[in-house]
file start_22.cif (mmCIF, C-alpha atoms and all ligand atoms)
data_final
#
loop_
_atom_site.label_atom_id
_atom_site.label_comp_id
_atom_site.auth_asym_id
_atom_site.auth_seq_id
_atom_site.Cartn_x
_atom_site.Cartn_y
_atom_site.Cartn_z
CA GLN A 1 3.09 19.89 -39.30
CA PRO A 2 2.35 19.33 -35.58
CA PRO A 3 -1.36 18.94 -34.79
CA PHE A 4 -0.99 21.30 -31.81
CA ASP A 5 0.85 24.55 -31.14
CA LEU A 6 4.34 23.16 -30.70
CA ASN A 7 5.97 26.55 -30.02
CA LYS A 8 3.54 27.22 -27.24
CA VAL A 9 4.09 23.75 -25.78
CA ARG A 10 7.86 24.27 -25.83
CA ALA A 11 7.47 27.66 -24.17
CA ASP A 12 5.55 25.96 -21.35
CA PHE A 13 8.68 24.05 -20.29
CA PRO A 14 11.11 26.41 -18.55
CA ILE A 15 13.94 23.87 -18.46
CA LEU A 16 14.03 23.65 -22.25
CA GLN A 17 14.89 27.35 -22.51
CA GLN A 18 18.49 26.93 -21.39
CA GLN A 19 21.86 26.29 -22.98
CA VAL A 20 23.88 23.24 -21.95
CA ASN A 21 27.58 23.10 -22.83
CA GLY A 22 27.07 26.13 -25.02
CA HIS A 23 24.19 24.66 -27.01
CA PRO A 24 20.42 24.85 -26.64
CA LEU A 25 19.33 21.89 -24.52
CA ILE A 26 17.81 19.04 -26.51
CA TRP A 27 16.07 16.74 -24.09
CA LEU A 28 15.86 13.25 -25.55
CA ASP A 29 15.86 11.32 -22.27
CA ASN A 30 12.11 11.27 -21.82
CA ALA A 31 11.92 7.55 -21.15
CA ALA A 32 14.01 8.15 -18.01
CA THR A 33 12.00 11.16 -16.96
CA THR A 34 10.01 13.93 -18.60
CA GLN A 35 10.33 17.65 -18.03
CA LYS A 36 7.67 19.64 -16.21
CA PRO A 37 5.54 22.40 -17.69
CA ARG A 38 5.14 25.71 -15.86
CA GLN A 39 1.52 24.68 -15.09
CA VAL A 40 2.74 21.76 -12.95
CA ILE A 41 5.51 23.74 -11.25
CA ASP A 42 3.10 26.57 -10.45
CA ARG A 43 0.44 24.22 -9.15
CA ILE A 44 2.88 22.71 -6.67
CA SER A 45 4.01 26.17 -5.53
CA GLN A 46 0.41 27.24 -5.17
CA PHE A 47 -0.27 24.21 -3.00
CA TYR A 48 2.57 25.05 -0.62
CA GLU A 49 1.72 28.76 -0.65
CA THR A 50 -2.03 28.53 -0.04
CA GLU A 51 -3.28 25.03 0.72
CA ASN A 52 -0.61 23.04 2.56
CA SER A 53 -1.96 20.86 5.35
CA ASN A 54 -2.17 17.21 6.17
CA ILE A 55 -5.32 15.74 4.69
CA HIS A 56 -8.48 14.10 6.04
CA ARG A 57 -7.79 14.58 9.72
CA ALA A 58 -8.60 18.13 10.73
CA ALA A 59 -11.59 20.43 10.80
CA HIS A 60 -9.73 23.54 9.68
CA GLU A 61 -9.89 25.33 6.36
CA LEU A 62 -6.48 24.35 5.02
CA ALA A 63 -7.10 20.68 5.72
CA ALA A 64 -10.24 20.97 3.65
CA ARG A 65 -8.34 22.69 0.82
CA ALA A 66 -5.51 20.14 0.86
CA THR A 67 -7.96 17.23 0.98
CA ASP A 68 -9.95 18.68 -1.91
CA ALA A 69 -6.80 19.18 -3.95
CA TYR A 70 -5.52 15.65 -3.23
CA GLU A 71 -8.85 13.94 -3.84
CA GLY A 72 -9.37 16.15 -6.89
CA ALA A 73 -6.09 14.81 -8.28
CA ARG A 74 -7.32 11.25 -7.68
CA LYS A 75 -10.44 12.08 -9.67
CA LYS A 76 -8.27 13.40 -12.53
CA VAL A 77 -6.29 10.14 -12.55
CA GLN A 78 -9.55 8.20 -12.66
CA GLY A 79 -10.59 10.14 -15.76
CA PHE A 80 -7.13 9.83 -17.29
CA LEU A 81 -7.22 6.01 -17.08
CA ASN A 82 -10.98 5.77 -17.53
CA ALA A 83 -11.25 3.76 -14.31
CA ALA A 84 -14.78 2.83 -13.25
CA SER A 85 -14.41 4.34 -9.78
CA VAL A 86 -12.21 6.84 -8.00
CA ASN A 87 -11.72 4.18 -5.30
CA GLU A 88 -9.65 2.22 -7.81
CA ILE A 89 -6.86 4.81 -7.78
CA VAL A 90 -4.17 4.30 -5.12
CA PHE A 91 -1.41 6.88 -4.82
CA VAL A 92 2.05 5.35 -4.45
CA ARG A 93 5.62 6.51 -5.04
CA GLY A 94 5.83 5.21 -8.60
CA SER A 95 5.56 2.17 -10.83
CA THR A 96 8.17 0.30 -8.82
CA GLU A 97 6.32 0.74 -5.57
CA ALA A 98 3.00 -0.18 -7.18
CA ILE A 99 4.37 -3.49 -8.49
CA ASN A 100 5.97 -4.29 -5.14
CA LEU A 101 2.68 -3.53 -3.45
CA VAL A 102 0.81 -6.04 -5.60
CA ALA A 103 3.56 -8.65 -5.16
CA GLN A 104 3.72 -8.31 -1.41
CA SER A 105 0.00 -7.95 -0.83
CA TRP A 106 -1.93 -10.01 -3.39
CA GLY A 107 1.02 -12.20 -4.35
CA ASP A 108 1.95 -13.09 -0.82
CA GLN A 109 -1.67 -13.70 0.09
CA HIS A 110 -2.77 -15.81 -2.88
CA LEU A 111 0.22 -17.55 -4.46
CA LYS A 112 1.64 -20.86 -3.32
CA ALA A 113 4.48 -23.21 -4.21
CA GLY A 114 4.32 -24.35 -7.83
CA ASP A 115 2.17 -21.44 -9.02
CA GLU A 116 3.47 -19.64 -12.08
CA ILE A 117 3.93 -16.00 -12.95
CA ILE A 118 4.52 -14.95 -16.54
CA VAL A 119 6.41 -11.81 -17.51
CA SER A 120 7.75 -10.83 -20.92
CA HIS A 121 11.34 -10.68 -22.09
CA LEU A 122 10.87 -6.91 -22.51
CA GLU A 123 10.37 -6.07 -18.85
CA HIS A 124 12.02 -3.33 -16.87
CA HIS A 125 13.76 -4.68 -13.76
CA ALA A 126 10.88 -3.21 -11.73
CA ASN A 127 8.63 -5.85 -13.26
CA ILE A 128 11.07 -8.71 -12.82
CA VAL A 129 12.77 -8.39 -9.44
CA PRO A 130 9.65 -8.11 -7.21
CA TRP A 131 8.30 -11.33 -8.75
CA GLN A 132 11.64 -13.06 -8.43
CA GLN A 133 11.80 -12.11 -4.77
CA LEU A 134 8.29 -13.42 -4.24
CA ALA A 135 9.09 -16.59 -6.19
CA ALA A 136 12.13 -17.27 -4.00
CA LYS A 137 10.09 -16.76 -0.86
CA LYS A 138 7.13 -18.92 -1.88
CA GLY A 139 8.51 -21.45 -4.36
CA LEU A 140 6.84 -19.92 -7.42
CA VAL A 141 8.00 -20.36 -11.00
CA LEU A 142 8.71 -17.32 -13.19
CA ARG A 143 8.16 -17.87 -16.91
CA VAL A 144 9.12 -15.53 -19.71
CA ILE A 145 7.35 -14.71 -22.98
CA PRO A 146 10.13 -14.61 -25.58
CA ALA A 147 10.64 -11.68 -27.94
CA ASP A 148 11.24 -11.95 -31.67
CA ASP A 149 14.05 -10.30 -33.65
CA ASP A 150 12.08 -7.06 -33.90
CA GLY A 151 11.66 -6.92 -30.14
CA GLN A 152 7.99 -7.86 -30.07
CA VAL A 153 6.54 -10.56 -27.80
CA ILE A 154 5.75 -13.85 -29.54
CA LEU A 155 2.09 -14.59 -28.87
CA GLU A 156 2.26 -18.22 -30.01
CA GLU A 157 4.99 -18.87 -27.47
CA TYR A 158 2.99 -17.03 -24.82
CA ALA A 159 -0.02 -19.24 -25.53
CA LYS A 160 2.17 -22.29 -24.85
CA LEU A 161 3.21 -20.95 -21.45
CA LEU A 162 -0.34 -20.46 -20.21
CA SER A 163 -1.68 -23.27 -18.04
CA PRO A 164 -3.87 -23.81 -14.99
CA LYS A 165 -0.72 -23.12 -12.94
CA THR A 166 -0.51 -19.57 -14.31
CA LYS A 167 -1.83 -17.21 -11.66
CA LEU A 168 -0.52 -13.90 -12.93
CA VAL A 169 0.68 -12.33 -16.17
CA SER A 170 2.58 -9.09 -15.60
CA PHE A 171 3.91 -7.22 -18.62
CA THR A 172 4.76 -3.84 -20.01
CA GLN A 173 2.52 -1.95 -22.40
CA VAL A 174 5.49 -0.11 -23.90
CA SER A 175 9.11 -1.28 -23.56
CA ASN A 176 11.36 1.37 -22.06
CA ALA A 177 14.43 -0.11 -23.74
CA LEU A 178 13.12 -0.59 -27.29
CA GLY A 179 9.82 1.28 -27.49
CA THR A 180 7.85 -1.82 -28.50
CA VAL A 181 4.10 -1.48 -27.93
CA THR A 182 2.88 -4.91 -26.85
CA PRO A 183 -0.54 -6.29 -27.84
CA ALA A 184 -1.85 -5.58 -24.35
CA THR A 185 -5.54 -6.29 -24.89
CA LYS A 186 -4.77 -9.65 -26.46
CA ILE A 187 -2.24 -10.68 -23.80
CA THR A 188 -4.75 -9.74 -21.12
CA ALA A 189 -7.65 -11.61 -22.71
CA MET A 190 -5.53 -14.75 -23.13
CA ALA A 191 -4.54 -14.64 -19.45
CA HIS A 192 -8.09 -14.10 -18.29
CA ALA A 193 -9.29 -17.00 -20.42
CA ILE A 194 -7.35 -19.36 -18.16
CA GLY A 195 -8.25 -17.50 -14.97
CA ALA A 196 -4.98 -15.65 -14.35
CA LYS A 197 -4.79 -12.08 -13.11
CA VAL A 198 -3.10 -9.38 -15.19
CA LEU A 199 -0.88 -6.46 -14.22
CA ILE A 200 0.11 -3.96 -16.90
CA ASP A 201 3.17 -1.76 -16.44
CA GLY A 202 2.13 1.52 -18.04
CA ALA A 203 5.21 3.53 -17.04
CA GLN A 204 6.21 4.17 -20.66
CA ALA A 205 2.72 4.23 -22.10
CA VAL A 206 0.84 7.02 -20.36
CA SER A 207 2.68 9.97 -21.87
CA HIS A 208 2.32 8.63 -25.41
CA LYS A 209 -1.12 7.14 -25.79
CA ARG A 210 -4.64 7.24 -24.43
CA VAL A 211 -5.01 4.50 -21.82
CA ASN A 212 -8.37 2.94 -21.04
CA VAL A 213 -8.15 0.39 -18.23
CA GLN A 214 -11.72 -0.76 -18.74
CA GLU A 215 -11.03 -1.53 -22.37
CA LEU A 216 -7.74 -3.23 -21.51
CA ASP A 217 -9.63 -5.07 -18.78
CA CYS A 218 -6.43 -5.51 -16.76
CA ASP A 219 -6.70 -6.20 -13.03
CA TRP A 220 -3.96 -3.72 -12.13
CA TYR A 221 -2.29 -0.92 -14.05
CA VAL A 222 0.68 1.05 -12.78
CA PHE A 223 2.44 4.24 -13.83
CA SER A 224 4.81 6.93 -12.53
CA GLY A 225 3.93 10.62 -12.43
CA HIS A 226 7.39 11.75 -13.48
CA LYS A 227 7.13 10.03 -16.86
CA VAL A 228 4.02 12.00 -17.76
CA PHE A 229 5.26 15.54 -17.04
CA GLY A 230 4.38 15.30 -13.36
CA PRO A 231 6.65 15.26 -10.30
CA THR A 232 8.86 12.45 -9.06
CA GLY A 233 7.81 10.57 -5.95
CA ILE A 234 4.20 10.12 -6.98
CA GLY A 235 2.66 7.32 -9.00
CA VAL A 236 -0.46 5.30 -9.34
CA LEU A 237 -1.67 1.79 -8.73
CA TYR A 238 -5.00 1.21 -10.45
CA GLY A 239 -6.81 -1.95 -9.38
CA LYS A 240 -10.32 -3.24 -9.90
CA GLU A 241 -12.25 -2.16 -6.84
CA ALA A 242 -13.42 -5.56 -5.58
CA LEU A 243 -9.91 -6.93 -6.00
CA LEU A 244 -8.30 -4.06 -4.09
CA ASN A 245 -10.75 -4.55 -1.25
CA GLU A 246 -9.94 -8.20 -0.90
CA MET A 247 -6.17 -7.58 -0.94
CA GLN A 248 -4.47 -7.50 2.43
CA PRO A 249 -3.07 -4.10 3.40
CA TRP A 250 0.61 -3.70 2.57
CA GLN A 251 1.92 -1.17 5.06
CA GLY A 252 0.23 -0.46 8.38
CA GLY A 253 -0.16 2.91 10.07
CA GLY A 254 -2.33 5.98 10.11
CA ASN A 255 -5.00 6.71 7.53
CA MET A 256 -5.45 3.09 6.43
CA ILE A 257 -7.35 1.92 9.53
CA ARG A 258 -10.99 1.99 10.58
CA GLU A 259 -10.41 1.14 14.22
CA VAL A 260 -7.38 0.20 16.29
CA THR A 261 -7.22 -1.51 19.67
CA PHE A 262 -4.22 -3.31 21.11
CA GLU A 263 -5.96 -6.58 20.32
CA HIS A 264 -7.19 -5.92 16.81
CA THR A 265 -7.29 -3.49 13.90
CA THR A 266 -9.86 -3.15 11.16
CA TYR A 267 -8.99 -1.52 7.86
CA GLN A 268 -10.43 1.05 5.51
CA GLN A 269 -11.63 0.11 2.05
CA ALA A 270 -9.47 1.01 -0.97
CA PRO A 271 -7.82 3.34 -1.67
CA ALA A 272 -7.17 4.44 1.95
CA ARG A 273 -6.38 0.82 2.84
CA PHE A 274 -3.16 1.14 0.82
CA GLU A 275 -2.21 4.69 1.74
CA ALA A 276 -0.69 4.31 5.19
CA GLY A 277 0.90 7.42 6.65
CA THR A 278 1.17 10.89 5.17
CA GLY A 279 1.39 10.59 1.44
CA ASN A 280 3.01 12.80 -1.14
CA ILE A 281 0.14 15.26 -1.15
CA ALA A 282 1.68 18.15 -3.08
CA ASP A 283 3.06 15.94 -5.82
CA ALA A 284 -0.25 14.14 -6.24
CA VAL A 285 -1.73 17.59 -6.84
CA GLY A 286 1.11 18.27 -9.28
CA LEU A 287 0.32 15.03 -11.10
CA GLY A 288 -3.28 16.21 -11.39
CA ALA A 289 -2.01 19.36 -13.10
CA ALA A 290 0.14 17.29 -15.47
CA ILE A 291 -2.90 15.23 -16.42
CA ASP A 292 -4.84 18.43 -17.09
CA TYR A 293 -1.95 19.60 -19.23
CA VAL A 294 -1.76 16.57 -21.54
CA SER A 295 -5.53 16.23 -21.63
CA ALA A 296 -5.90 19.83 -22.83
CA ILE A 297 -3.56 19.08 -25.74
CA GLY A 298 -5.18 15.68 -26.30
CA LEU A 299 -3.53 12.27 -25.99
CA GLU A 300 -4.67 11.33 -29.49
CA LEU A 301 -2.91 14.34 -31.00
CA ILE A 302 0.21 13.69 -28.92
CA ASP A 303 0.20 10.07 -30.08
CA GLN A 304 -0.21 11.09 -33.71
CA TYR A 305 2.55 13.73 -33.53
CA GLU A 306 5.03 11.46 -31.76
CA HIS A 307 4.30 8.62 -34.13
CA ASN A 308 5.31 10.81 -37.07
CA LEU A 309 8.37 12.10 -35.22
CA LEU A 310 9.46 8.56 -34.39
CA HIS A 311 9.02 7.55 -38.01
CA TYR A 312 11.07 10.56 -39.12
CA ALA A 313 13.83 9.83 -36.62
CA THR A 314 13.92 6.12 -37.52
CA GLY A 315 14.38 6.95 -41.21
CA LEU A 316 17.27 9.33 -40.52
CA LEU A 317 19.02 7.13 -37.97
CA LYS A 318 19.02 4.22 -40.41
CA GLN A 319 21.16 6.34 -42.72
CA VAL A 320 23.91 6.88 -40.14
CA LYS A 321 26.90 4.75 -41.07
CA GLY A 322 27.55 1.86 -38.67
CA LEU A 323 24.36 2.43 -36.71
CA ARG A 324 22.38 -0.66 -35.69
CA LEU A 325 18.85 0.04 -34.55
CA ILE A 326 17.59 -2.40 -31.93
CA GLY A 327 13.84 -2.76 -31.63
CA THR A 328 12.14 -2.62 -35.00
CA ALA A 329 8.62 -3.73 -34.13
CA ALA A 330 5.83 -2.36 -36.31
CA ASP A 331 4.13 -0.81 -33.29
CA LYS A 332 6.45 1.41 -31.27
CA ALA A 333 6.19 4.48 -29.08
CA GLY A 334 8.67 7.10 -28.00
CA VAL A 335 11.93 5.17 -27.93
CA LEU A 336 14.87 4.63 -30.30
CA SER A 337 17.64 2.32 -29.20
CA PHE A 338 20.88 1.75 -31.06
CA VAL A 339 24.56 0.91 -31.01
CA LEU A 340 27.16 2.60 -33.18
CA GLU A 341 30.00 0.59 -34.64
CA GLY A 342 33.40 1.63 -33.31
CA PHE A 343 32.07 3.53 -30.29
CA LYS A 344 31.08 2.54 -26.79
CA THR A 345 27.58 3.68 -25.89
CA GLU A 346 29.02 5.91 -23.11
CA GLU A 347 31.24 7.57 -25.69
CA VAL A 348 28.26 8.33 -27.89
CA GLY A 349 26.35 9.71 -24.87
CA ALA A 350 29.29 11.89 -23.86
CA TRP A 351 29.76 13.19 -27.41
CA LEU A 352 26.09 14.13 -27.65
CA ASN A 353 26.20 15.75 -24.21
CA LYS A 354 28.97 18.05 -25.41
CA GLN A 355 26.45 19.38 -27.91
CA GLY A 356 23.67 19.86 -25.42
CA ILE A 357 21.86 16.65 -26.37
CA ALA A 358 20.66 14.48 -23.49
CA VAL A 359 20.20 10.78 -24.22
CA ARG A 360 20.57 7.76 -22.02
CA SER A 361 23.31 5.25 -22.68
CA GLY A 362 23.30 2.12 -20.58
CA HIS A 363 21.18 -0.94 -19.91
CA HIS A 364 18.00 1.06 -19.16
CA CYS A 365 17.15 -1.24 -16.25
CA ALA A 366 16.20 -3.88 -18.81
CA GLN A 367 19.27 -6.09 -19.10
CA PRO A 368 17.48 -9.26 -20.25
CA ILE A 369 16.05 -7.72 -23.42
CA LEU A 370 19.33 -6.06 -24.39
CA ARG A 371 21.14 -9.38 -23.97
CA ARG A 372 18.50 -10.93 -26.20
CA PHE A 373 20.08 -8.75 -28.91
CA GLY A 374 23.63 -9.52 -27.84
CA VAL A 375 24.40 -6.15 -26.29
CA GLU A 376 24.88 -4.93 -22.72
CA SER A 377 24.06 -1.34 -23.44
CA THR A 378 22.48 0.91 -26.06
CA VAL A 379 22.17 4.61 -26.79
CA ARG A 380 18.55 5.55 -26.27
CA PRO A 381 17.08 8.81 -27.53
CA SER A 382 13.46 8.97 -26.35
CA LEU A 383 10.80 11.41 -27.50
CA ALA A 384 8.08 13.49 -25.92
CA LEU A 385 5.50 15.95 -27.18
CA TYR A 386 7.91 18.91 -26.99
CA ASN A 387 10.58 17.35 -29.23
CA THR A 388 10.85 18.56 -32.81
CA CYS A 389 12.15 17.41 -36.17
CA ALA A 390 14.94 19.95 -35.63
CA ASP A 391 15.92 18.10 -32.41
CA VAL A 392 16.16 14.91 -34.44
CA ASP A 393 18.15 16.62 -37.20
CA THR A 394 20.66 17.95 -34.66
CA LEU A 395 20.98 14.49 -33.11
CA VAL A 396 21.58 12.80 -36.43
CA GLN A 397 24.09 15.46 -37.52
CA ALA A 398 26.00 15.01 -34.28
CA LEU A 399 26.07 11.24 -34.80
CA GLN A 400 27.36 11.69 -38.33
CA GLN A 401 30.19 13.87 -37.06
CA ILE A 402 31.26 11.69 -34.14
CA HIS A 403 34.95 10.92 -34.01
N1 LIG A 501 8.57 0.13 -15.84
C1 LIG A 501 9.02 0.75 -16.94
C2 LIG A 501 8.64 0.23 -18.28
C3 LIG A 501 9.84 1.86 -16.79
O1 LIG A 501 10.29 2.48 -17.88
C4 LIG A 501 10.17 2.33 -15.50
C5 LIG A 501 11.07 3.54 -15.32
N2 LIG A 501 12.23 3.55 -16.14
C6 LIG A 501 9.66 1.66 -14.40
C7 LIG A 501 8.86 0.56 -14.61
C8 LIG A 501 9.97 2.08 -13.02
O2 LIG A 501 9.44 3.34 -12.76
P1 LIG A 501 9.86 4.15 -11.48
O3 LIG A 501 11.36 4.16 -11.47
O4 LIG A 501 9.28 5.51 -11.73
O5 LIG A 501 9.26 3.47 -10.31
#

call {"tool": "encode", "arguments": {"input": "start_22.cif", "output": "structure tokens", "more": "lines below"}}
Ligand code: PMP
result
Amino acid sequence: QPPFDLNKVRADFPILQQQVNGHPLIWLDNAATTQKPRQVIDRISQFYETENSNIHRAAHELAARATDAYEGARKKVQGFLNAASVNEIVFVRGSTEAINLVAQSWGDQHLKAGDEIIVSHLEHHANIVPWQQLAAKKGLVLRVIPADDDGQVILEEYAKLLSPKTKLVSFTQVSNALGTVTPATKITAMAHAIGAKVLIDGAQAVSHKRVNVQELDCDWYVFSGHKVFGPTGIGVLYGKEALLNEMQPWQGGGNMIREVTFEHTTYQQAPARFEAGTGNIADAVGLGAAIDYVSAIGLELIDQYEHNLLHYATGLLKQVKGLRLIGTAADKAGVLSFVLEGFKTEEVGAWLNKQGIAVRSGHHCAQPILRRFGVESTVRPSLALYNTCADVDTLVQALQQIH
């Protein structure tokens, strides 16, 4: 029995009300992106219909409305992450941009040849490639926390990697490929104990669990709006305020400056320091509405419901003949990943699509962890608060009938 009004939640998502290939749409590709409730869609329309203006720079009424809406959204993000200050919330395009920002600002500024960065074997390419690029440029060493056969990071191996050379540990809170929930507080504390900074990739975490950056005590936390029922093109970099203010600006331009002469420019404090140019104002406001939406239901209830649904789905999938589940950690969120004997993952995806079921089949931008399990690709159904046991039943039935 869902701990919230599931029918009402489903009714809030217009896209779920349609048929695809002659069947009711079953959206199980939430790890790639989530659908948007009417409340978010309406809020964005309302912005363009009644508030649209550039922010901060004008004396007129609409500029004040747009600025209030944008800064109001920042305040909602602060509450959502339990950040200590609203100045710790930088709007960016998404998780990818946030990680690149930290790499190219803090990383470029502070890291030198021989310094080490640790990531985990579970990372999305967005949390590998920016560090690799920085490593190539500056002569850094990238080290990897191995994963065990269940797809969980091995803390004893991690402990062995930590040394005075370690300057940064950057890891995911929830794996997008396997659903593993990593022991984030522990990993962070171990890094801090040797003086390294910590970045947590929260892209797959925020829609499933309550996040508290002060409790995690990470230095940076990143997520994407579109994975938490908000729009694409907007995301968040959280950083501890003092740290953000000592980081060099990343992009230069309007909004991020205090004073400009041809000889010299001085910069704003965070967050403006990192928000050069006109940002994605409307979608930030839309993200604020998405945060209101999940907060009204309650992240704890969402977590509890999805946990049960994941457990239910895991049990049924295990009974499908020839199905090998990859990622069997005790602590998981949202994601099921598998291969089916006798079928290519694309074939499984295409078969499910014929029946209106949307799943991802591919490498999920996390090739290293799939190769760890000897595969190049998996089928990945991923859950959100609007999915039901009936969705799972239909999926499993379709898998049983595949030919
Ligand atoms: N990290 C993880 C764990 C992800 O799942 C994703 C998106 N698949 C990203 C980073 C990148 O997010 P975005 O594409 O929204 O920048």

call {"tool": "closest_residue", "arguments": {"input": "start_22.cif", "among": "A:Pro130, A:Gly114, A:Gly298, A:Gly288", "to": "Phe47 of chain A", "atoms": "all atoms listed in the file"}}
result
A:Gly288

call {"tool": "closest_residue", "arguments": {"input": "start_22.cif", "among": "A:Phe338, A:Phe229, A:Tyr70, A:Trp250", "to": "Asp108 of chain A", "atoms": "only C-alpha atoms"}}
result
A:Trp250

call {"tool": "residues_near_ligand", "arguments": {"input": "start_22.cif", "ligand": "ligand LIG 501 (chain A)", "cutoff": "10 Å", "atoms": "only C-alpha atoms and all ligand atoms", "output": "MDAnalysis selection string"}}
result
chainID A and resid 30:33 92:100 122:128 171:177 179 200:205 222:227 232:236 364:366

call {"tool": "residues_around", "arguments": {"input": "start_22.cif", "residues": "segment 143-151 of chain A", "least_positions_apart": "2", "cutoff": "10 Å", "atoms": "only C-alpha atoms", "output": "JSON, numbers by chain"}}
result
{"A": [116, 117, 118, 119, 120, 121, 122, 123, 128, 140, 141, 153, 154, 155, 156, 157, 158, 159, 160, 161, 162, 166, 169, 171, 175, 177, 178, 179, 180, 181, 182, 325, 326, 327, 328, 329, 330, 332, 369, 370, 372, 373]}

call {"tool": "residues_around", "arguments": {"input": "start_22.cif", "residues": "Ala276 of chain A", "least_positions_apart": "5", "cutoff": "6 Å", "atoms": "all atoms listed in the file", "output": "CSV table (one decimal) with C-alpha atoms, in the frame of the given file"}}
result
chain,number,residue,atom,x,y,z
A,252,GLY,CA,0.2,-0.5,8.4
A,253,GLY,CA,-0.2,2.9,10.1
A,254,GLY,CA,-2.3,6.0,10.1
A,255,ASN,CA,-5.0,6.7,7.5
A,256,MET,CA,-5.4,3.1,6.4

call {"tool": "closest_residue", "arguments": {"input": "start_22.cif", "among": "A:Phe343, A:Thr185, A:Ile357, A:Leu16", "to": "His403 of chain A", "atoms": "all atoms listed in the file"}}
result
A:Phe343

call {"tool": "atom_distance", "arguments": {"input": "start_22.cif", "atom1": "atom CA of Leu287 of chain A", "atom2": "atom CA of Ala73 of chain A"}}
result
7.0 Å

call {"tool": "axis_aligned_box", "arguments": {"input": "start_22.cif", "around": "segment 323-337 of chain A", "padding_each_side": "6 Å", "output": "lines of an AutoDock Vina configuration file"}}
result
center_x = 14.2
center_y = 1.7
center_z = -32.3
size_x = 32.2
size_y = 22.8
size_z = 20.8

call {"tool": "atom_distance", "arguments": {"input": "start_22.cif", "atom1": "atom CA of Leu168 of chain A", "atom2": "atom CA of Val198 of chain A"}}
result
5.7 Å

call {"tool": "atom_distance", "arguments": {"input": "start_22.cif", "atom1": "atom CA of Ser382 of chain A", "atom2": "atom CA of Leu28 of chain A"}}
result
5.0 Å

call {"tool": "closest_residue", "arguments": {"input": "start_22.cif", "among": "A:His208, A:Lys186, A:His192, A:Arg74", "to": "Leu237 of chain A", "atoms": "only C-alpha atoms"}}
result
A:Arg74

call {"tool": "residues_around", "arguments": {"input": "start_22.cif", "residues": "Lys36 of chain A", "least_positions_apart": "5", "cutoff": "7 Å", "atoms": "all atoms listed in the file", "output": "number ranges by chain"}}
result
A: 13, 41, 229-230

call {"tool": "closest_residue", "arguments": {"input": "start_22.cif", "among": "A:Asn280, A:Gln400, A:Asn308, A:Thr50", "to": "Thr388 of chain A", "atoms": "only C-alpha atoms"}}
result
A:Asn308

call {"tool": "closest_residue", "arguments": {"input": "start_22.cif", "among": "A:Ile15, A:Leu301, A:Ser85, A:Pro249", "to": "Ala103 of chain A", "atoms": "only C-alpha atoms"}}
result
A:Pro249

call {"tool": "residues_around", "arguments": {"input": "start_22.cif", "residues": "Val392 of chain A", "least_positions_apart": "3", "cutoff": "10 Å", "atoms": "only C-alpha atoms", "output": "list in words"}}
result
Ile26, Leu28, Leu309, Leu310, Tyr312, Ala313, Thr314, Leu316, Leu317, Pro381, Leu383, Asn387, Thr388, Cys389, Leu395, Val396, Gln397 and Ala398 of chain A

call {"tool": "residues_around", "arguments": {"input": "start_22.cif", "residues": "Ile297 of chain A", "least_positions_apart": "3", "cutoff": "7 Å", "atoms": "all atoms listed in the file", "output": "PyMOL selection string"}}
result
chain A and resi 4+293-294

call {"tool": "residues_near_point", "arguments": {"input": "start_22.cif", "point": "(28.4, 11.0, -28.6)", "cutoff": "7 Å", "atoms": "only C-alpha atoms", "output": "PDB file with C-alpha atoms, in the frame of the given file"}}
result
ATOM      1  CA  GLU A 347      31.240   7.570 -25.690  1.00  0.00           C
ATOM      2  CA  VAL A 348      28.260   8.330 -27.890  1.00  0.00           C
ATOM      3  CA  GLY A 349      26.350   9.710 -24.870  1.00  0.00           C
ATOM      4  CA  ALA A 350      29.290  11.890 -23.860  1.00  0.00           C
ATOM      5  CA  TRP A 351      29.760  13.190 -27.410  1.00  0.00           C
ATOM      6  CA  LEU A 352      26.090  14.130 -27.650  1.00  0.00           C
ATOM      7  CA  ASN A 353      26.200  15.750 -24.210  1.00  0.00           C
ATOM      8  CA  LEU A 399      26.070  11.240 -34.800  1.00  0.00           C
ATOM      9  CA  ILE A 402      31.260  11.690 -34.140  1.00  0.00           C
TER      10      ILE A 402
END

call {"tool": "residues_near_point", "arguments": {"input": "start_22.cif", "point": "(22.6, 0.9, -20.4)", "cutoff": "6 Å", "atoms": "all atoms listed in the file", "output": "JSON, numbers by chain"}}
result
{"A": [361, 362, 363, 364, 377, 378]}
